[in-house]
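**Student:** Please see the structure below; I have some questions.
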Amino acid sequence: MEIEKIVASIAEHDRQAIWIAGANPAKGAGLPVLWCNPRFTEMTGHRASGDGATEIVLFDTNGRSACQGLATRLRGTEAFTSRLCYRHGDGATVPAELRFSPVLDVGGAVTAWIVFQRDLSRDAVSDATEAEPDAPPHDLERDLDAAIRWAKEAESRLCDILNTLADGFVLYDSDDRLIIANDAFRDFHGPVRDKVAPGVSFEELLRYGMEGEIWDYESKDPECWAQHQLNRRRNAETANSLIRLKDGRWLQRNEHRLPNGEMAGLRVDVTKHQEQQRAFNETSHQLELANAKLRCKSMFDEVTGALNRHGLEDAMASIAADQAPDQHLALLYIDVDQFKQIITTLGNDASDYILRAVTTLLRPLLEQNDLLARIGGDAFVLVLDLTAGDRTAEGVARQVVHKLSRPIRYGGLPCHFTASVGVALSPIGSFDPAAMLNNAEIALHRAQNDGCAQIETYSRKIQEAMISRNTIADEIMNGLEHGEFVPHFQPQFDAETLEIVGVEALARWKHPRRGILAPTHFLEIAEEMNIVAEIDKAILEHAVAEMGELSKSGLQPKKLSVNVSLARLTDPNLLRGLDTLDAQGTTLSFELLETIFVDEQDSSFDWRIDQLQERGIELEIDDFGSGRASIVGLTRVSPKRMKIDRQLVIPVTESSTRRRLLAAVIEMGRSLGIGVTAEGVESAEHVGILRELGCDTLQGFALASPMPAEELAKLMAAQAFRSA
Ligand code: C2E
Ligand code: CA
Ligand code: CA
């Protein structure tokens, strides 16, 4: 191809006259001009025979028409040079030097002669003789030969170089027919490698490959795949694509259209890279999946599928960032009332079931842009977008309370519970997620203080109450540090003799401004603050110290009872602290609420109870019959006494039914071998009835109110005096 181009270029543009003569001219006739270049026509006045001309008639220098020597040489197959004369188109005889180069067919026969012609000056006519056959060819001829040789060598060198490449190389002409390809390119064609030959078109090669089944169509229809390849090829100046071979290899195909219309292409085996890439992609995909799962996990509650606290905060932050000036939002903080008790009764398995059931009941209340989250335990949050429509936050809260007050069936039985809701309303266009959550929670606490199934909307008043509560909380902390929590002692009397048999230490707060405060002023807040155990500890230590003081005058009571909260009972330092106390001969007794036995049921609890009893500490079940008590507590530990709640005691003066009820409770204690103390003994009548019913010990305002240690000392002294 290169050679043809060089020839064509020379033929068109060179100043040398070139023509092609037909082979074997008839004797004496002129030589037919099959083709000539423009310069030849310009020089000789002749055209190619295709134009209706021409034979060129040659003479020797003697004017003989067809020279013998020329005819002989033209029958041969060797190149030669002759000096002859020719008849110019204008009739003149012109001397010229002609270099004949044979064009041979595959059989070696001459099919034509390429003639390079140079005119000589007319003076040279006389000198025009036949040149020596081996005379050096004209410069251009030599250049052409050299160029042809160079081009052939270059082509072969290029082929050698290309074949050393591991990558496939191919060159197509502007008609998409293959010009050259290297061995690597052929190798990629496996069984049809022999079809990779000059002249084959891109499409033909593609289809040979299909017949040889070398392409992997990557689950496409083969014809669609082929059309796709062809289209891409046709339309693009550069085409880069990845092809998969049936043998599993991947080829990167890069094609580039050259300025002359040819298409140069590279085929690089990228199998290894591709496998690495695939492995990398697979790993990335897995990572992405794991990450998404993790994200999902970190945003959503696993039990209910609702948002979790983190997810809610995230979603609310987005709302706050994008809110419209007219956007009106509300936040409902929902808490299932007595959830802990329900789970204690039904078992832990019920927990997830009920939480899911609650979620299912809440979901239908959601409208577009609303959020539902479970932010821990049994606390749910609804964020409502009230901008459009006629819903109100209170209306939705009522629906919540209504829906959650209907029983849910669990294990075939109806499970009854209620929910309370705290509502916070956002100022229009100004949504502050943290403040909303905080305000709704404050409102919820307020709602729960009022009982079950309550709704409260956050207001400034509530906030003030909350602030005052916070102030009290600070003061409690401060009071604990400064020893402001002290015991008052309420004596307990033998029902028969009315002798003081013991005292119950009851916490009082010596408030620096408000005076002596009873537990109603601080116990609930202290419970919320989780510091009841510290109050219990302070009261116990203080009370024991007072017993020590009383013992100095021999007036200490036989028994000191203290109230012990669950937190105190499970305090890891309790036993060690007890070992350092010396009650100076007074027996120590712990009053435990029946709910403690229901709440805490693991073996470490039993161990603790044993440890207390081993130290000689007596146990009493407090508030028996208050509704929080049951028989479980009586059988679980072996208490020394049960204290009948004043709610059971006080009404005995009013009805015989109440008396019978109390009698049954007392009888139960006696049958279990447990001592019975009656609380709330408010009158002499109570004393009489309780004594009659078989109560062992009496405690109440009728006999003595709670009093400070000094008064107790006086009372003990008076009693000692009486009995002396
Ligand atoms: P509680 O253990 O049942 O204590 C008896 C409560 O009944 C005392 O109230 C006492 O003042 C009151 N009371 C005594 N006699 C009568 C009576 O005849 N009629 C009536 N209506 N009430 C009577 P207080 O001192 O206000 O204590 C209330 C509750 O606070 C206690 O009930 C106890 O549960 C708790 N508490 C008191 N001190 C402590 C303490 O140091 N630690 C813990 N954890 N709780 C304590
Ligand atoms: Ca008590
Ligand atoms: Ca009690």
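Quick note on naming: the chains in the structure tokens go A, B, ... in the order shown, residues restart at 1 in each chain, and ligands are numbered from 1 in order of appearance.
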When you look at A:Tyr458 with a cut-off of 12 Å (counting only C-alpha atoms), what residues show up, excluding the ones that are within fewer than 5 positions of it in the same chain? I need them as a VMD selection string.

**Tutor:** chain A and resid 330 to 333 393 to 394 421 to 426 435 to 447 463 to 466

**Student:** Dump N, CA and C atoms for the selected residues as a PDB file, in the first residue's frame?

**Tutor:**
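again18.pdb written:
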```
ATOM      1  N   ALA A 330     -45.044  19.548  65.309  1.00  0.00           N
ATOM      2  CA  ALA A 330     -45.316  19.207  66.709  1.00  0.00           C
ATOM      3  C   ALA A 330     -44.607  17.910  67.032  1.00  0.00           C
ATOM      4  N   LEU A 331     -44.256  17.738  68.283  1.00  0.00           N
ATOM      5  CA  LEU A 331     -43.579  16.502  68.688  1.00  0.00           C
ATOM      6  C   LEU A 331     -44.362  15.867  69.832  1.00  0.00           C
ATOM      7  N   LEU A 332     -44.693  14.596  69.668  1.00  0.00           N
ATOM      8  CA  LEU A 332     -45.431  13.851  70.690  1.00  0.00           C
ATOM      9  C   LEU A 332     -44.485  12.846  71.329  1.00  0.00           C
ATOM     10  N   TYR A 333     -44.333  12.942  72.625  1.00  0.00           N
ATOM     11  CA  TYR A 333     -43.473  12.012  73.364  1.00  0.00           C
ATOM     12  C   TYR A 333     -44.414  11.029  74.052  1.00  0.00           C
ATOM     13  N   ALA A 393     -52.115  18.739  67.094  1.00  0.00           N
ATOM     14  CA  ALA A 393     -51.239  17.862  67.863  1.00  0.00           C
ATOM     15  C   ALA A 393     -52.045  17.171  68.960  1.00  0.00           C
ATOM     16  N   GLU A 394     -52.909  17.925  69.621  1.00  0.00           N
ATOM     17  CA  GLU A 394     -53.718  17.347  70.705  1.00  0.00           C
ATOM     18  C   GLU A 394     -54.659  16.276  70.154  1.00  0.00           C
ATOM     19  N   VAL A 421     -49.002  10.921  76.919  1.00  0.00           N
ATOM     20  CA  VAL A 421     -48.359  11.665  75.837  1.00  0.00           C
ATOM     21  C   VAL A 421     -47.989  13.071  76.300  1.00  0.00           C
ATOM     22  N   GLY A 422     -46.754  13.456  76.029  1.00  0.00           N
ATOM     23  CA  GLY A 422     -46.326  14.834  76.232  1.00  0.00           C
ATOM     24  C   GLY A 422     -46.226  15.495  74.868  1.00  0.00           C
ATOM     25  N   VAL A 423     -46.825  16.686  74.744  1.00  0.00           N
ATOM     26  CA  VAL A 423     -46.861  17.348  73.433  1.00  0.00           C
ATOM     27  C   VAL A 423     -46.026  18.620  73.481  1.00  0.00           C
ATOM     28  N   ALA A 424     -45.213  18.839  72.446  1.00  0.00           N
ATOM     29  CA  ALA A 424     -44.508  20.125  72.312  1.00  0.00           C
ATOM     30  C   ALA A 424     -44.824  20.688  70.942  1.00  0.00           C
ATOM     31  N   LEU A 425     -45.183  21.962  70.916  1.00  0.00           N
ATOM     32  CA  LEU A 425     -45.514  22.613  69.640  1.00  0.00           C
ATOM     33  C   LEU A 425     -44.377  23.539  69.251  1.00  0.00           C
ATOM     34  N   SER A 426     -44.003  23.456  67.980  1.00  0.00           N
ATOM     35  CA  SER A 426     -42.896  24.296  67.519  1.00  0.00           C
ATOM     36  C   SER A 426     -43.445  25.624  67.013  1.00  0.00           C
ATOM     37  N   ALA A 435     -34.827  21.222  71.686  1.00  0.00           N
ATOM     38  CA  ALA A 435     -35.766  21.873  72.601  1.00  0.00           C
ATOM     39  C   ALA A 435     -37.121  21.171  72.558  1.00  0.00           C
ATOM     40  N   MET A 436     -37.544  20.782  71.352  1.00  0.00           N
ATOM     41  CA  MET A 436     -38.847  20.109  71.205  1.00  0.00           C
ATOM     42  C   MET A 436     -38.868  18.794  71.985  1.00  0.00           C
ATOM     43  N   LEU A 437     -37.781  18.042  71.825  1.00  0.00           N
ATOM     44  CA  LEU A 437     -37.698  16.733  72.482  1.00  0.00           C
ATOM     45  C   LEU A 437     -37.723  16.931  74.002  1.00  0.00           C
ATOM     46  N   ASN A 438     -36.968  17.920  74.441  1.00  0.00           N
ATOM     47  CA  ASN A 438     -36.870  18.219  75.860  1.00  0.00           C
ATOM     48  C   ASN A 438     -38.223  18.676  76.423  1.00  0.00           C
ATOM     49  N   ASN A 439     -38.874  19.593  75.696  1.00  0.00           N
ATOM     50  CA  ASN A 439     -40.150  20.135  76.174  1.00  0.00           C
ATOM     51  C   ASN A 439     -41.228  19.055  76.213  1.00  0.00           C
ATOM     52  N   ALA A 440     -41.240  18.207  75.171  1.00  0.00           N
ATOM     53  CA  ALA A 440     -42.255  17.150  75.126  1.00  0.00           C
ATOM     54  C   ALA A 440     -42.023  16.165  76.269  1.00  0.00           C
ATOM     55  N   GLU A 441     -40.766  15.933  76.601  1.00  0.00           N
ATOM     56  CA  GLU A 441     -40.468  14.997  77.689  1.00  0.00           C
ATOM     57  C   GLU A 441     -40.915  15.594  79.035  1.00  0.00           C
ATOM     58  N   ILE A 442     -40.687  16.895  79.195  1.00  0.00           N
ATOM     59  CA  ILE A 442     -41.144  17.565  80.424  1.00  0.00           C
ATOM     60  C   ILE A 442     -42.665  17.447  80.536  1.00  0.00           C
ATOM     61  N   ALA A 443     -43.337  17.704  79.405  1.00  0.00           N
ATOM     62  CA  ALA A 443     -44.803  17.617  79.394  1.00  0.00           C
ATOM     63  C   ALA A 443     -45.259  16.195  79.727  1.00  0.00           C
ATOM     64  N   LEU A 444     -44.497  15.206  79.212  1.00  0.00           N
ATOM     65  CA  LEU A 444     -44.863  13.804  79.470  1.00  0.00           C
ATOM     66  C   LEU A 444     -44.773  13.500  80.978  1.00  0.00           C
ATOM     67  N   HIS A 445     -43.693  13.947  81.592  1.00  0.00           N
ATOM     68  CA  HIS A 445     -43.542  13.692  83.035  1.00  0.00           C
ATOM     69  C   HIS A 445     -44.704  14.291  83.798  1.00  0.00           C
ATOM     70  N   ARG A 446     -45.080  15.463  83.374  1.00  0.00           N
ATOM     71  CA  ARG A 446     -46.198  16.150  84.014  1.00  0.00           C
ATOM     72  C   ARG A 446     -47.476  15.322  83.820  1.00  0.00           C
ATOM     73  N   ALA A 447     -47.637  14.801  82.582  1.00  0.00           N
ATOM     74  CA  ALA A 447     -48.824  13.989  82.280  1.00  0.00           C
ATOM     75  C   ALA A 447     -48.840  12.749  83.168  1.00  0.00           C
ATOM     76  N   GLN A 463     -42.875  24.508  82.434  1.00  0.00           N
ATOM     77  CA  GLN A 463     -41.431  24.710  82.484  1.00  0.00           C
ATOM     78  C   GLN A 463     -41.016  25.275  83.846  1.00  0.00           C
ATOM     79  N   GLU A 464     -41.838  26.183  84.355  1.00  0.00           N
ATOM     80  CA  GLU A 464     -41.506  26.767  85.660  1.00  0.00           C
ATOM     81  C   GLU A 464     -41.521  25.698  86.757  1.00  0.00           C
ATOM     82  N   ALA A 465     -42.550  24.825  86.660  1.00  0.00           N
ATOM     83  CA  ALA A 465     -42.626  23.732  87.643  1.00  0.00           C
ATOM     84  C   ALA A 465     -41.387  22.866  87.542  1.00  0.00           C
ATOM     85  N   MET A 466     -40.971  22.669  86.305  1.00  0.00           N
ATOM     86  CA  MET A 466     -39.800  21.844  86.038  1.00  0.00           C
ATOM     87  C   MET A 466     -38.543  22.500  86.605  1.00  0.00           C
TER      88      MET A 466
END
```

**Student:** What lies within 10 Å of A:His488 using only C-alpha atoms, ignoring chain neighbours under 5 positions off, as a list in words?

**Tutor:**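 Here the answer would be Val503, Glu504, Ala505, Leu506, Ala507, Arg508, Trp509, Ala518, Ile539, Ala543, Ser705, Pro706, Met707, Pro708, Ala709, Glu710, Glu711 and Leu712 of chain A.
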
**Student:** Tell me which protein, DNA and RNA residues are within 9 Å of A:Asp326, counting only C-alpha atoms, leaving out same-chain ones fewer than 6 positions away, and put them as a VMD selection string.

**Tutor:** chain A and resid 387 428 to 430

**Student:** Give me a file of those residues, with N, CA, C and O atoms, as a PDB file, in the first residue's frame.

**Tutor:**
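Listing of selection07.pdb after writing:
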```pdb
ATOM      1  N   THR A 387     -48.378  21.547  58.867  1.00  0.00           N
ATOM      2  CA  THR A 387     -48.458  22.710  57.969  1.00  0.00           C
ATOM      3  C   THR A 387     -49.723  22.647  57.117  1.00  0.00           C
ATOM      4  O   THR A 387     -50.463  23.625  57.008  1.00  0.00           O
ATOM      5  N   ILE A 428     -44.032  28.419  64.449  1.00  0.00           N
ATOM      6  CA  ILE A 428     -44.058  28.217  62.998  1.00  0.00           C
ATOM      7  C   ILE A 428     -42.748  28.696  62.374  1.00  0.00           C
ATOM      8  O   ILE A 428     -42.255  29.784  62.660  1.00  0.00           O
ATOM      9  N   GLY A 429     -42.174  27.843  61.563  1.00  0.00           N
ATOM     10  CA  GLY A 429     -40.946  28.181  60.832  1.00  0.00           C
ATOM     11  C   GLY A 429     -39.703  28.167  61.699  1.00  0.00           C
ATOM     12  O   GLY A 429     -38.636  28.573  61.251  1.00  0.00           O
ATOM     13  N   SER A 430     -39.835  27.717  62.927  1.00  0.00           N
ATOM     14  CA  SER A 430     -38.644  27.736  63.783  1.00  0.00           C
ATOM     15  C   SER A 430     -38.588  26.461  64.626  1.00  0.00           C
ATOM     16  O   SER A 430     -38.998  26.439  65.781  1.00  0.00           O
TER      17      SER A 430
END
```

**Student:** Could I get the residue neighbourhood of ligand 1 at 8 Å, counting only C-alpha atoms and all ligand atoms, as number ranges by chain?

**Tutor:** A: 487-488, 490, 504-508, 518-520, 523, 532-533, 535-536, 539-540, 562-565, 591, 593, 622-623, 645-646, 650, 679-682, 699-702, 704-706

**Student:** If we count only C-alpha atoms, what is near stretch 88-100 of chain A at a cut-off of 6 Å, once residues fewer than 2 positions away on the same chain are taken out, given as a list of chain:residue names?

**Tutor:**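 Residues near the query, excluding close chain neighbours: A:Thr44, A:Gly45, A:His46, A:Ala79, A:Phe80, A:Thr81, A:Ser82, A:Arg83, A:Leu84, A:Cys85, A:Tyr86, A:Trp113, A:Ile114, A:Val115, A:Phe116, A:Gln117, A:Arg118, A:Asp119, A:Leu120, A:Val125.
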
**Student:** Filtering to N, CA, C and O atoms, could you give me those residues as an mmCIF file, in the first residue's frame?

**Tutor:**
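Writing done, so here's result_34.cif:
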```cif
data_model
loop_
_atom_site.group_PDB
_atom_site.id
_atom_site.type_symbol
_atom_site.label_atom_id
_atom_site.label_comp_id
_atom_site.auth_asym_id
_atom_site.auth_seq_id
_atom_site.Cartn_x
_atom_site.Cartn_y
_atom_site.Cartn_z
ATOM 1 N N THR A 44 5.641 15.764 -24.471
ATOM 2 C CA THR A 44 5.653 15.082 -25.772
ATOM 3 C C THR A 44 4.468 15.440 -26.652
ATOM 4 O O THR A 44 4.435 15.118 -27.837
ATOM 5 N N GLY A 45 3.449 16.061 -26.083
ATOM 6 C CA GLY A 45 2.241 16.356 -26.851
ATOM 7 C C GLY A 45 1.377 15.114 -27.047
ATOM 8 O O GLY A 45 0.410 15.149 -27.804
ATOM 9 N N HIS A 46 1.706 14.024 -26.362
ATOM 10 C CA HIS A 46 0.898 12.802 -26.444
ATOM 11 C C HIS A 46 0.138 12.574 -25.155
ATOM 12 O O HIS A 46 0.561 12.989 -24.083
ATOM 13 N N ALA A 79 15.389 -4.544 -17.288
ATOM 14 C CA ALA A 79 15.294 -3.086 -17.440
ATOM 15 C C ALA A 79 16.446 -2.621 -18.342
ATOM 16 O O ALA A 79 17.512 -3.229 -18.341
ATOM 17 N N PHE A 80 16.212 -1.563 -19.095
ATOM 18 C CA PHE A 80 17.283 -1.029 -19.950
ATOM 19 C C PHE A 80 17.032 0.444 -20.234
ATOM 20 O O PHE A 80 15.929 0.951 -19.988
ATOM 21 N N THR A 81 18.106 1.103 -20.691
ATOM 22 C CA THR A 81 18.012 2.535 -21.033
ATOM 23 C C THR A 81 18.444 2.711 -22.504
ATOM 24 O O THR A 81 19.421 2.075 -22.942
ATOM 25 N N SER A 82 17.669 3.508 -23.269
ATOM 26 C CA SER A 82 18.041 3.757 -24.674
ATOM 27 C C SER A 82 17.979 5.244 -24.986
ATOM 28 O O SER A 82 17.157 5.962 -24.389
ATOM 29 N N ARG A 83 18.880 5.705 -25.850
ATOM 30 C CA ARG A 83 18.754 7.075 -26.380
ATOM 31 C C ARG A 83 18.159 6.958 -27.768
ATOM 32 O O ARG A 83 18.734 6.311 -28.655
ATOM 33 N N LEU A 84 16.978 7.556 -27.905
ATOM 34 C CA LEU A 84 16.233 7.426 -29.162
ATOM 35 C C LEU A 84 15.648 8.789 -29.503
ATOM 36 O O LEU A 84 15.786 9.736 -28.747
ATOM 37 N N CYS A 85 15.007 8.811 -30.678
ATOM 38 C CA CYS A 85 14.240 10.005 -31.017
ATOM 39 C C CYS A 85 12.772 9.616 -31.025
ATOM 40 O O CYS A 85 12.432 8.446 -31.209
ATOM 41 N N TYR A 86 11.902 10.549 -30.785
ATOM 42 C CA TYR A 86 10.467 10.240 -30.866
ATOM 43 C C TYR A 86 9.779 11.355 -31.618
ATOM 44 O O TYR A 86 10.304 12.464 -31.720
ATOM 45 N N TRP A 113 5.575 -1.952 -19.642
ATOM 46 C CA TRP A 113 6.851 -1.297 -19.313
ATOM 47 C C TRP A 113 6.566 0.056 -18.716
ATOM 48 O O TRP A 113 5.734 0.797 -19.208
ATOM 49 N N ILE A 114 7.269 0.317 -17.601
ATOM 50 C CA ILE A 114 7.191 1.694 -17.064
ATOM 51 C C ILE A 114 8.351 2.442 -17.693
ATOM 52 O O ILE A 114 9.493 1.966 -17.662
ATOM 53 N N VAL A 115 8.016 3.565 -18.295
ATOM 54 C CA VAL A 115 9.052 4.292 -19.037
ATOM 55 C C VAL A 115 9.261 5.664 -18.407
ATOM 56 O O VAL A 115 8.294 6.416 -18.202
ATOM 57 N N PHE A 116 10.486 5.929 -18.040
ATOM 58 C CA PHE A 116 10.867 7.267 -17.558
ATOM 59 C C PHE A 116 11.563 7.972 -18.716
ATOM 60 O O PHE A 116 12.533 7.444 -19.275
ATOM 61 N N GLN A 117 11.066 9.124 -19.059
ATOM 62 C CA GLN A 117 11.557 9.763 -20.299
ATOM 63 C C GLN A 117 12.102 11.152 -20.022
ATOM 64 O O GLN A 117 11.499 11.916 -19.257
ATOM 65 N N ARG A 118 13.253 11.413 -20.622
ATOM 66 C CA ARG A 118 13.878 12.745 -20.474
ATOM 67 C C ARG A 118 14.284 13.211 -21.878
ATOM 68 O O ARG A 118 14.932 12.472 -22.616
ATOM 69 N N ASP A 119 13.810 14.398 -22.215
ATOM 70 C CA ASP A 119 14.205 14.941 -23.535
ATOM 71 C C ASP A 119 15.672 15.385 -23.513
ATOM 72 O O ASP A 119 16.127 15.887 -22.485
ATOM 73 N N LEU A 120 16.322 15.179 -24.665
ATOM 74 C CA LEU A 120 17.700 15.695 -24.813
ATOM 75 C C LEU A 120 17.623 16.925 -25.708
ATOM 76 O O LEU A 120 16.649 17.122 -26.436
ATOM 77 N N VAL A 125 20.890 15.288 -30.864
ATOM 78 C CA VAL A 125 20.317 14.247 -31.718
ATOM 79 C C VAL A 125 21.404 13.407 -32.374
ATOM 80 O O VAL A 125 21.374 12.187 -32.417
#
```

**Student:** I want to know what sits within 12 Å of stretch 205-218 of chain A, based on only C-alpha atoms, with residues of the same chain fewer than 3 positions away left out; could you give that as a PyMOL selection string?

**Tutor:** chain A and resi 170+172+176-178+185-202+221-230+233+242-251

**Student:** Just want the 7 Å neighbourhood of A:Gly22, counted on only C-alpha atoms, with same-chain residues fewer than 6 positions away dropped. Output as a ChimeraX atom specification.

**Tutor:** /A:31-34,112-113

**Student:** Could you give me, as a PyMOL selection string, each residue of stretch 63-240 of chain A that DSSP assigns to strand (DSSP E) when run on this structure's backbone?

**Tutor:** chain A and resi 80-87+93-104+110-119+168-172+178-181+215-216+238-240

**Student:** I need the residue nearest ligand 2 from this list: A:Thr570, A:Ser604, A:Gln492, A:Ser656. Use only C-alpha atoms and all ligand atoms for the distance.

**Tutor:**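 Looking only at the distances to ligand 2, the closest residue turns out to be A:Gln492.
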
**Student:** For a test of reading the model, state the distance in Å between atom CA of A:Leu413 and atom CA of A:Ile354, rounded to one decimal.

**Tutor:**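 It comes out at 12.7 Å.
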